[in-house]
Amino acid sequence: MKTLTYREAVREAMREEMRKNEYIFLMGQDVGPYGGEHRVSGDLHSEFGEWRVKDAPISEQGIIGCALGASITGCRAIAEIPFMDFIMLPMDQICNQIAKYLYTFGGQASVPLVIRTAMGGYIRAAEQHSQCLEAWFIHIPGLKVVIPSTPYDVKGLLKTAIRDNNPVIFVEHKYLYGMKGEIPEEEYTIPLGVADIKKEGNDVSVIATSYMVHKALNVANKLEKEGISVEVVDPRTLVPLDKETILKSVEKTSRAIIVHEAPLRGGIGGEIAAIIADEGFEYLDAPIKRIGAKDAPIPFPSVLEDFILPSEVGIEKTIKELL
Amino acid sequence: MKTLTYREAVREAMREEMRKNEYIFLMGQDVGPYGGEHRVSGDLHSEFGEWRVKDAPISEQGIIGCALGASITGCRAIAEIPFMDFIMLPMDQICNQIAKYLYTFGGQASVPLVIRTAMGGYIRAAEQHSQCLEAWFIHIPGLKVVIPSTPYDVKGLLKTAIRDNNPVIFVEHKYLYGMKGEIPEEEYTIPLGVADIKKEGNDVSVIATSYMVHKALNVANKLEKEGISVEVVDPRTLVPLDKETILKSVEKTSRAIIVHEAPLRGGIGGEIAAIIADEGFEYLDAPIKRIGAKDAPIPFPSVLEDFILPSEVGIEKTIKELL
Amino acid sequence: MNNIKLNKELILSLYETMLKIRLFEKTQERVFKTEQEGFTHVYTGEEAIAAGVCANLNKDDYITSTHRGHGHMIAKGGNMKKMMAELYGRLTGYCKGKSGSLHIADFSIGVLGANGIVGAGIPIATGAGYSIKLRGTSQVVACFFGDGAVTQGTFHEGVNMAAAWNLPVIYVIENNLYMVGTKTERVCKVCKNYAVKAQGYGMPGEDIDGNDVIEVYTATKKAVERARSGKGPALLNCMTYRHSTHFVGDLDVRDKQEIEYWKARDPIKRIEEKMLKEKIITEDKIKSCRDKIQGMVDEAVEFARKSPVPKPEVALEDVFVE
Amino acid sequence: MNNIKLNKELILSLYETMLKIRLFEKTQERVFKTEQEGFTHVYTGEEAIAAGVCANLNKDDYITSTHRGHGHMIAKGGNMKKMMAELYGRLTGYCKGKSGSLHIADFSIGVLGANGIVGAGIPIATGAGYSIKLRGTSQVVACFFGDGAVTQGTFHEGVNMAAAWNLPVIYVIENNLYMVGTKTERVCKVCKNYAVKAQGYGMPGEDIDGNDVIEVYTATKKAVERARSGKGPALLNCMTYRHSTHFVGDLDVRDKQEIEYWKARDPIKRIEEKMLKEKIITEDKIKSCRDKIQGMVDEAVEFARKSPVPKPEVALEDVFVE
Ligand SMILES: Cc1ncc(C[n+]2csc(CCOP(=O)(O)OP(=O)(O)O)c2C)c(N)n1
Ligand SMILES: Cc1ncc(C[n+]2csc(CCOP(=O)(O)OP(=O)(O)O)c2C)c(N)n1
Ligand SMILES: [Mg+2]
Ligand SMILES: [Mg+2]
């Protein structure tokens with residue numbers, strides 16, 4: 001085992017896969033000599049050179065379109081959109097083009113590409129640099145959506161995503177880049193569609209994603225001392241979604257809370273709640289609760305941002321209200 | 001009372017409001033002398049002239065940005081995006097700019113504009129001309145979202161939307177444009193945030209939007225003869241959402257089915273189901289069901305499109321399974 | 001082969017390609033109305049562009065196409081039967097009958113797909129160019145789009161990247177003066193001499209007569225040679241006019257005189273006249289050529305008609321690949 | 001006022017504006033590190049552009065701004081106290097302390113907002129121009145953005161519409177050769193002489209020395225007069241260089257010599273030398289001017305420090321207006 005940051009784990013996954021396949025390339029603003037907006041690409045440019053680690057103009061549609069064009073003609077692109085907020089610009093390329101290419105042309109060409117992007121707040125970056133938009137992508141058939149919460153997960157899932165022959169929206173978290181975790185020395189991958197129970201428990205299931213997994217774990221560890229047993233389920237991938245693991249957890253606990261950082265309304269919490277309210281209805285002893293950002297854009301100073309975004313206090317309160 | 005098509009009702013709403021306020025203008029591709037991609041603007045160009053009914057280039061970001069810039073400097077824009085699929089192009093202008101303008105600048109400038117767009121399939125227009133994307137917009141704080149199902153509603157709601165000082169995403173339906181309905185001779189408006197019970201019933205609540213309202217009504221009318229009493233609730237606006245009316249209906253019937261045309265996963269059905277599974281949990285006698293498009297892009301020939309999109313047969317089947 | 005005088009075989013083959021497109025589209029206009037679903041945009045009047053451009057391409061070169069894409073497919077060597085079957089929504093079609101007129105592709109001959117989103121193919125073509133560079137082949141890409149598409153941000157972004165990185169892409173504007181029912185000059189000050197835009201990206205651009213197949217061919221030849229030798233992209237602005245309405249069944253808001261002016265410059269009539277004058281062909285040969293091609297088209301229609309309609313479940317295939 | 005020789009008062013006032021920006025930004029760089037949250041991009045080195053452009057604008061003229069927007073605000077007449085309070089996240093700030101350095105606006109003086117999305121302000125400026133046309137006033141819009149923003153589709157779409165419709169918008173490129181840590185020439189072949197792009201849209205464009213405030217002023221004057229008289233937009237490509245890193249605290253990947261080269265062309269040093277040479281100002285006056293302005297900036301800092309932090313509930317205000 002070795003200790004890597006989430007950022008390093010991402011880089012290592014790319015490095016290992018790029019060494020194996022010379023047609024994989026990374027493209028994005030400042031991914032080259034500068035080392036990436038969040039310093040994720042680091043030294044990849046010096047190892048792989050100009051054409052495999054490509055600095056792009058501020059042309060998000062161009063970047064994603066280019067990644068698509070290359071990926072249907074023998075390459076595998078990894079495109080970086082450093083703030084998920086900017087992903088609004090290439091939505092057409094992602095959702096009208098990439099997601100539908102295989103389907104529209106009757107299976108003629110697959111699109112083996114990964115769009116790496118970083119979501120999330122808690123970094124005082126204000127309204128246009130803090131959003132979480134994963135919910136948009138689960139709504140578009142043809143895209144896989146991955147949202148890892150730990151260094152271990154991010155490395156194993158990114159390697160799988162790069163090898164996948166389908167387009168993957170790979171959602172990192174800015175706040176997590178600095179987080180350290182244990183990583184095996186040997187190579188490993190994690191399949192898409194397999195949730196991870198980050199902590200077992202019996203009283204309530206908290207289904208949380210990305211950075212919220214850590215907040216949920218902190219609360220769970222705290223409540224354990226108070227005799228409340230919280231199960232924390234991390235779906236890890238949203239498409240495909242491992243609903244069996246989620247439903248099994250709810251079957252055990254009879255109570256479900258879904259926590260995500262994105263605004264509550266229209267977030268993935270609705271989707272997960274709806275699955276439980278349909279397929280797990282008989283298991284439930286209490287209303288399904290959702291926790292997400294309050295109904296406002298994300299302001300920058302800590303006093304305001306922390307008020308809008310989910311907090312451990314809020315998660316704890318909801319758990320206690322539900323029991 | 002007079003009879004107008006949905007298309008004519010939209011046009012009449014614009015005409016009436018534009019006559020009252022000379023700073024309202026309509027901008028979009030082909031809205032001018034050609035009369036609109038769906039012939040909605042019709043003769044407005046000849047009444048209001050070049051600057052108030054403005055043909056735009058194929059620049060969706062430009063159109064929406066232009067609408068924004070005009071609407072914070074004394075005008076009120078109505079921007080037309082004739083196929084909702086194309087709204088992927090100006091997502092940044094809509095969701096990073098328009099939705100956040102008032103908030104980001106601390107309330108300094110409101111953004112009184114309406115983006116009119118037409119969603120929907122059943123017209124054999126294939127993967128990139130058939131989508132319903134209303135779910136994306138409810139997820140972005142700062143946008144109102146309206147989705148009318150009848151000529152009466154579309155006129156009254158559009159007039160309100162145009163007068164609203166906030167940005168409104170106004171989602172028409174291509175299939176409905178030709179539908180006729182009764183409209184009062186005298187002026188009227190419909191407030192945002194008020195659902196409409198399109199048919200009362202006691203056995204099950206079907207919450208449906210846009211064209212699906214009509215499919216639900218057809219099924220309800222059919223089942224009535226079989227002794228099954230279906231209540232059809234049309235939220236009409238998604239933000240603000242009239243959850244009281246929805247919850248009250250579920251309180252009465254104890255059963256809920258949500259029907260929308262967009263793909264099931266990530267659709268507004270999840271949001272509505274989650275609200276019911278939380279705030280209406282105690283009313284429920286059965287799982288909450290959702291009906292939406294199957295998990296695929298939308299193919300063009302009727303045999304395939306009709307298989308992917310929700311059908312009356314499917315709605316009927318789900319109702320019967322639930323009872 | 002010298003620059004201006006093309007050899008007889010080449011001219012004949014350009015002519016034949018144009019004729020294939022014309023007769024396919026004329027037939028499509030007719031059968032669409034009664035036998036197909038959806039929408040269709042035909043290419044009549046613009047045949048010289050697809051023919052002149054694609055005659056310079058090898059089978060493994062790429063093209064990206066548009067909503068008005070049948071001509072590109074035919075010129076790149078597409079199979080008319082599979083095309084027509086697709087337009088009829090039949091399982092034997094290029095896309096299993098799923099996608100119809102707006103969305104034809106044949107990856108086996110480098111047709112990377114027509115596109116329902118105006119301008120969206122431009123960065124995709126740039127990406128194919130990037131792939132060529134990375135893989136180190138000598139392929140090129142021809143990227144077709146309309147004069148309206150030039151007003152899309154994707155044009156700007158895609159072309160800039162290709163120019164910056166010397167990618168082997170030929171950007172071909174099919175400048176038919178209109179975007180649906182709006183004259184492009186109403187929304188774009190510089191729109192007839194688009195070549196000037198190329199300077200702003202640091203690449204060559206040329207305004208050419210898009211109804212003169214030989215001019216299109218020779219301008220493309222230069223651009224393709226340049227691109228293959230690693231010197232980067234070029235922009236070709238081909239002036240033309242569509243004979244049809246925007247889509248079949250649409251109203252026509254265009255000026256009668258304008259239509260007449262352009263019909264007199266019909267690219268097929270022009271090449272026929274030239275060939276007759278230069279004795280490359282005879283009236284008889286023209287007729288037999290037309291008959292032969294119409295026969296192929298009719299066969300394609302027959303094939304489509306007889307082909308099976310997909311089962312509903314086909315609609316769930318190809319969302320993901322293994 | 002004639003074209004080349006500006007009068008003394010005007011030069012002094014341009015100088016004063018530049019100095020305000022410089023001292024505000026130097027102070028901001030310092031206080032940011034220990035007293036503020038978030039991110040901040042400063043404008044040092046580029047002052048001549050905001051000063052020279054905005055000196056041509058009336059209070060009711062509009063500007064749109066960027067992530068590097070403090071200079072635009074000051075040049076348009078913004079209140080330093082409200083600015084600094086915003087940077088500190090205080091309730092007395094321009095945006096109630098919600099949005100910080102990246103998002104300052106003052107609608108009362110026509111500043112329609114800084115923007116965290118590169119290039120997004122460009123179509124918004126076009127829309128303000130459209131509004132002027134529709135309302136029939138004689139206002140103009142100045143739209144600021146960087147050389148990197150030129151590679152955005154929004155640039156292309158926004159500028160094309162203004163050119164097509166003769167909207168009164170001056171598009172001002174602050175061309176500092178970089179986009180974060182990447183030299184623009186690596187991703188854009190034509191990037192120092194951006195004016196050539198203007199031709200592609202059918203509007204005038206000029207490449208100018210953005211570190212010469214008088215050149216910026218006179219070029220803008222011409223463009224503003226043209227726009228006010230209904231003749232349409234113009235593009236000004238102002239070459240400049242930022243003294244700071246991309247954001248405060250970022251690493252600097254730029255060449256030392258390049259930095260030295262440009263620091264020697266510091267716009268403030270240049271105008272000071274010119275004024276001294278032409279006896280428009282004395283060394284003493286420069287000093288007292290600097291002291292006076294630094295005093296204003298310090299007052300702004302004090303104001304900010306003493307201002308109340310917003311209550312958490314402020315975060316829920318302004319999502320919608322009545
Ligand atoms: C992004 C987008 N906006 C609008 C449309 C609707 N539309 C379809 S074709 C067309 C006009 C295209 O004009 P041009 O590029 O000149 O091609 P032409 O039809 O003239 O061949 C428009 C506006 C679309 N398909 N995609
Ligand atoms: C759409 C978008 N893409 C990327 C970024 C990240 N980003 C912030 S500033 C910047 C560089 C901008 O360069 P330029 O326009 O030249 O302005 P400068 O910083 O040089 O003043 C980038 C890429 C962003 N904010 N928005
Ligand atoms: Mg055209
Ligand atoms: Mg720059």
# chains A, B, ... in the order shown; residues from 1 in each chain; ligands from 1
$ interface_residues --of "chain A" --to "chain D" --cutoff "7 Å" --atoms "only C-alpha atoms" --output "list in words"
Asp30, Tyr34, Ala56, Pro57, Ile58, Ser59, Ile123, Arg124, Ala125, Ala126, Gln128, Ala296, Pro299, Phe300, Pro301, Val303, Leu304, Phe307 and Ile308 of chain A
$ select_by_dssp --residues "range 93-199 of chain D" --states "strand (DSSP E)" --output "list of chain:residue names"
D:Val141, D:Ala142, D:Cys143, D:Phe144, D:Phe145, D:Gly146, D:Val169, D:Ile170, D:Tyr171, D:Val172, D:Ile173, D:Glu174, D:Asn175, D:Tyr178, D:Met179, D:Thr182, D:Lys183
$ write_last_selection --atoms "all heavy atoms" --output "compact mmCIF listing (two decimals), in the first residue's frame"
# COMPACT_ATOMS: atom_id res chain seq x y z
N VAL D 141 -21.80 50.76 -25.80
CA VAL D 141 -21.33 49.70 -24.90
C VAL D 141 -19.85 49.45 -25.18
O VAL D 141 -19.45 49.36 -26.35
CB VAL D 141 -22.07 48.37 -25.18
CG1 VAL D 141 -21.72 47.33 -24.12
CG2 VAL D 141 -23.56 48.58 -25.29
N ALA D 142 -19.06 49.35 -24.11
CA ALA D 142 -17.69 48.85 -24.28
C ALA D 142 -17.63 47.46 -23.65
O ALA D 142 -18.04 47.27 -22.51
CB ALA D 142 -16.69 49.79 -23.62
N CYS D 143 -17.14 46.53 -24.41
CA CYS D 143 -17.12 45.13 -23.98
C CYS D 143 -15.66 44.69 -23.85
O CYS D 143 -14.94 44.61 -24.83
CB CYS D 143 -17.85 44.30 -25.05
SG CYS D 143 -17.73 42.53 -24.82
N PHE D 144 -15.25 44.47 -22.60
CA PHE D 144 -13.86 44.07 -22.35
C PHE D 144 -13.74 42.55 -22.29
O PHE D 144 -14.60 41.88 -21.70
CB PHE D 144 -13.39 44.62 -21.00
CG PHE D 144 -13.28 46.12 -20.96
CD1 PHE D 144 -14.28 46.90 -20.40
CD2 PHE D 144 -12.14 46.76 -21.48
CE1 PHE D 144 -14.18 48.28 -20.36
CE2 PHE D 144 -12.03 48.15 -21.43
CZ PHE D 144 -13.06 48.91 -20.87
N PHE D 145 -12.66 42.03 -22.84
CA PHE D 145 -12.36 40.60 -22.68
C PHE D 145 -10.92 40.35 -23.09
O PHE D 145 -10.28 41.19 -23.72
CB PHE D 145 -13.33 39.74 -23.49
CG PHE D 145 -13.45 40.12 -24.94
CD1 PHE D 145 -12.66 39.51 -25.90
CD2 PHE D 145 -14.35 41.11 -25.33
CE1 PHE D 145 -12.77 39.86 -27.23
CE2 PHE D 145 -14.46 41.47 -26.68
CZ PHE D 145 -13.67 40.85 -27.62
N GLY D 146 -10.43 39.16 -22.71
CA GLY D 146 -9.03 38.86 -22.94
C GLY D 146 -8.75 38.20 -24.28
O GLY D 146 -9.67 37.83 -25.01
N VAL D 169 -21.43 48.86 -30.21
CA VAL D 169 -20.60 48.15 -29.23
C VAL D 169 -19.13 48.22 -29.64
O VAL D 169 -18.80 47.97 -30.81
CB VAL D 169 -21.03 46.67 -29.13
CG1 VAL D 169 -20.31 46.00 -27.96
CG2 VAL D 169 -22.54 46.53 -28.98
N ILE D 170 -18.28 48.57 -28.69
CA ILE D 170 -16.84 48.55 -28.93
C ILE D 170 -16.29 47.31 -28.23
O ILE D 170 -16.39 47.19 -27.01
CB ILE D 170 -16.12 49.78 -28.32
CG1 ILE D 170 -16.99 51.03 -28.40
CG2 ILE D 170 -14.74 49.96 -28.92
CD1 ILE D 170 -17.35 51.47 -29.77
N TYR D 171 -15.76 46.39 -28.98
CA TYR D 171 -15.18 45.16 -28.42
C TYR D 171 -13.70 45.39 -28.17
O TYR D 171 -12.95 45.69 -29.10
CB TYR D 171 -15.40 43.99 -29.38
CG TYR D 171 -16.88 43.68 -29.56
CD1 TYR D 171 -17.59 44.20 -30.64
CD2 TYR D 171 -17.57 42.94 -28.62
CE1 TYR D 171 -18.95 43.96 -30.79
CE2 TYR D 171 -18.93 42.68 -28.76
CZ TYR D 171 -19.61 43.20 -29.84
OH TYR D 171 -20.96 42.97 -29.99
N VAL D 172 -13.32 45.29 -26.91
CA VAL D 172 -11.96 45.64 -26.52
C VAL D 172 -11.22 44.39 -26.05
O VAL D 172 -11.55 43.82 -25.01
CB VAL D 172 -11.97 46.68 -25.38
CG1 VAL D 172 -10.55 47.09 -25.01
CG2 VAL D 172 -12.81 47.90 -25.77
N ILE D 173 -10.23 43.99 -26.82
CA ILE D 173 -9.42 42.83 -26.42
C ILE D 173 -8.26 43.31 -25.56
O ILE D 173 -7.48 44.16 -25.99
CB ILE D 173 -8.87 42.08 -27.64
CG1 ILE D 173 -10.00 41.73 -28.62
CG2 ILE D 173 -8.10 40.82 -27.20
CD1 ILE D 173 -9.52 41.06 -29.90
N GLU D 174 -8.17 42.77 -24.36
CA GLU D 174 -7.02 43.04 -23.51
C GLU D 174 -6.04 41.91 -23.75
O GLU D 174 -6.11 40.86 -23.11
CB GLU D 174 -7.46 43.10 -22.05
CG GLU D 174 -8.60 44.11 -21.90
CD GLU D 174 -9.08 44.28 -20.47
OE1 GLU D 174 -9.28 43.26 -19.77
OE2 GLU D 174 -9.24 45.44 -20.06
N ASN D 175 -5.16 42.14 -24.69
CA ASN D 175 -4.34 41.05 -25.22
C ASN D 175 -3.02 40.97 -24.46
O ASN D 175 -2.03 41.61 -24.82
CB ASN D 175 -4.10 41.28 -26.70
CG ASN D 175 -3.55 40.04 -27.38
OD1 ASN D 175 -2.87 39.22 -26.74
ND2 ASN D 175 -3.83 39.89 -28.65
N TYR D 178 -1.51 35.71 -22.76
CA TYR D 178 -1.68 34.48 -22.00
C TYR D 178 -3.14 34.21 -21.65
O TYR D 178 -3.93 35.14 -21.48
CB TYR D 178 -0.89 34.54 -20.68
CG TYR D 178 0.58 34.32 -20.87
CD1 TYR D 178 1.42 35.38 -21.21
CD2 TYR D 178 1.14 33.04 -20.76
CE1 TYR D 178 2.77 35.17 -21.43
CE2 TYR D 178 2.49 32.83 -20.97
CZ TYR D 178 3.30 33.89 -21.30
OH TYR D 178 4.62 33.67 -21.51
N MET D 179 -3.41 32.94 -21.50
CA MET D 179 -4.66 32.49 -20.93
C MET D 179 -4.26 31.55 -19.78
O MET D 179 -3.86 30.42 -20.04
CB MET D 179 -5.49 31.77 -21.98
CG MET D 179 -4.68 31.24 -23.15
SD MET D 179 -5.63 30.92 -24.61
CE MET D 179 -6.58 29.56 -24.01
N THR D 182 -1.01 29.27 -20.20
CA THR D 182 -0.73 28.87 -21.58
C THR D 182 -0.60 30.11 -22.47
O THR D 182 -1.46 30.99 -22.44
CB THR D 182 -1.84 27.94 -22.11
OG1 THR D 182 -1.86 26.75 -21.30
CG2 THR D 182 -1.60 27.55 -23.55
N LYS D 183 0.47 30.13 -23.24
CA LYS D 183 0.65 31.23 -24.17
C LYS D 183 -0.40 31.09 -25.27
O LYS D 183 -0.56 30.01 -25.86
CB LYS D 183 2.05 31.14 -24.75
CG LYS D 183 2.73 32.48 -24.78
CD LYS D 183 4.18 32.45 -25.09
CE LYS D 183 4.58 33.91 -25.28
NZ LYS D 183 6.00 34.11 -25.12
$ closest_residue --among "B:Val31, B:Ala195, B:Leu133, B:Leu68" --to "chain A" --atoms "only C-alpha atoms"
B:Leu133
$ residues_around --residues "Arg39 in chain A" --least-positions-apart "6" --cutoff "10 Å" --atoms "only C-alpha atoms" --output "list in words"
Arg7, Glu8, Arg11, Asp30, Val31, Pro82 and Tyr177 of chain A
$ interface_residues --of "chain A" --to "chain B" --cutoff "9 Å" --atoms "only C-alpha atoms" --output "PyMOL selection string"
chain A and resi 85-93+95-97+99-100+103-104+126-128+133+135-142+262-282+286-290+294-299
$ interface_residues --of "chain D" --to "chain C" --cutoff "9 Å" --atoms "only C-alpha atoms" --output "count of residues only"
30
$ atom_distance --atom1 "CA of Gly205 in chain C" --atom2 "CA of Ala227 in chain C"
13.0 Å
$ residues_around --residues "Lys174 in chain B" --least-positions-apart "2" --cutoff "8 Å" --atoms "only C-alpha atoms" --output "list in words"
His38, Ala118, Met119, Gly120, Gly121, Ile123, Glu172, Leu176 and Tyr177 of chain B
$ residues_around --residues "Val219 in chain A" --least-positions-apart "6" --cutoff "12 Å" --atoms "only C-alpha atoms" --output "ChimeraX atom specification"
/A:199,206,208,212-213,225-226,228-232,311-320
$ select_by_dssp --residues "range 90-310 of chain C" --states "helix (DSSP H, G or I)" --output "count of residues only"
105
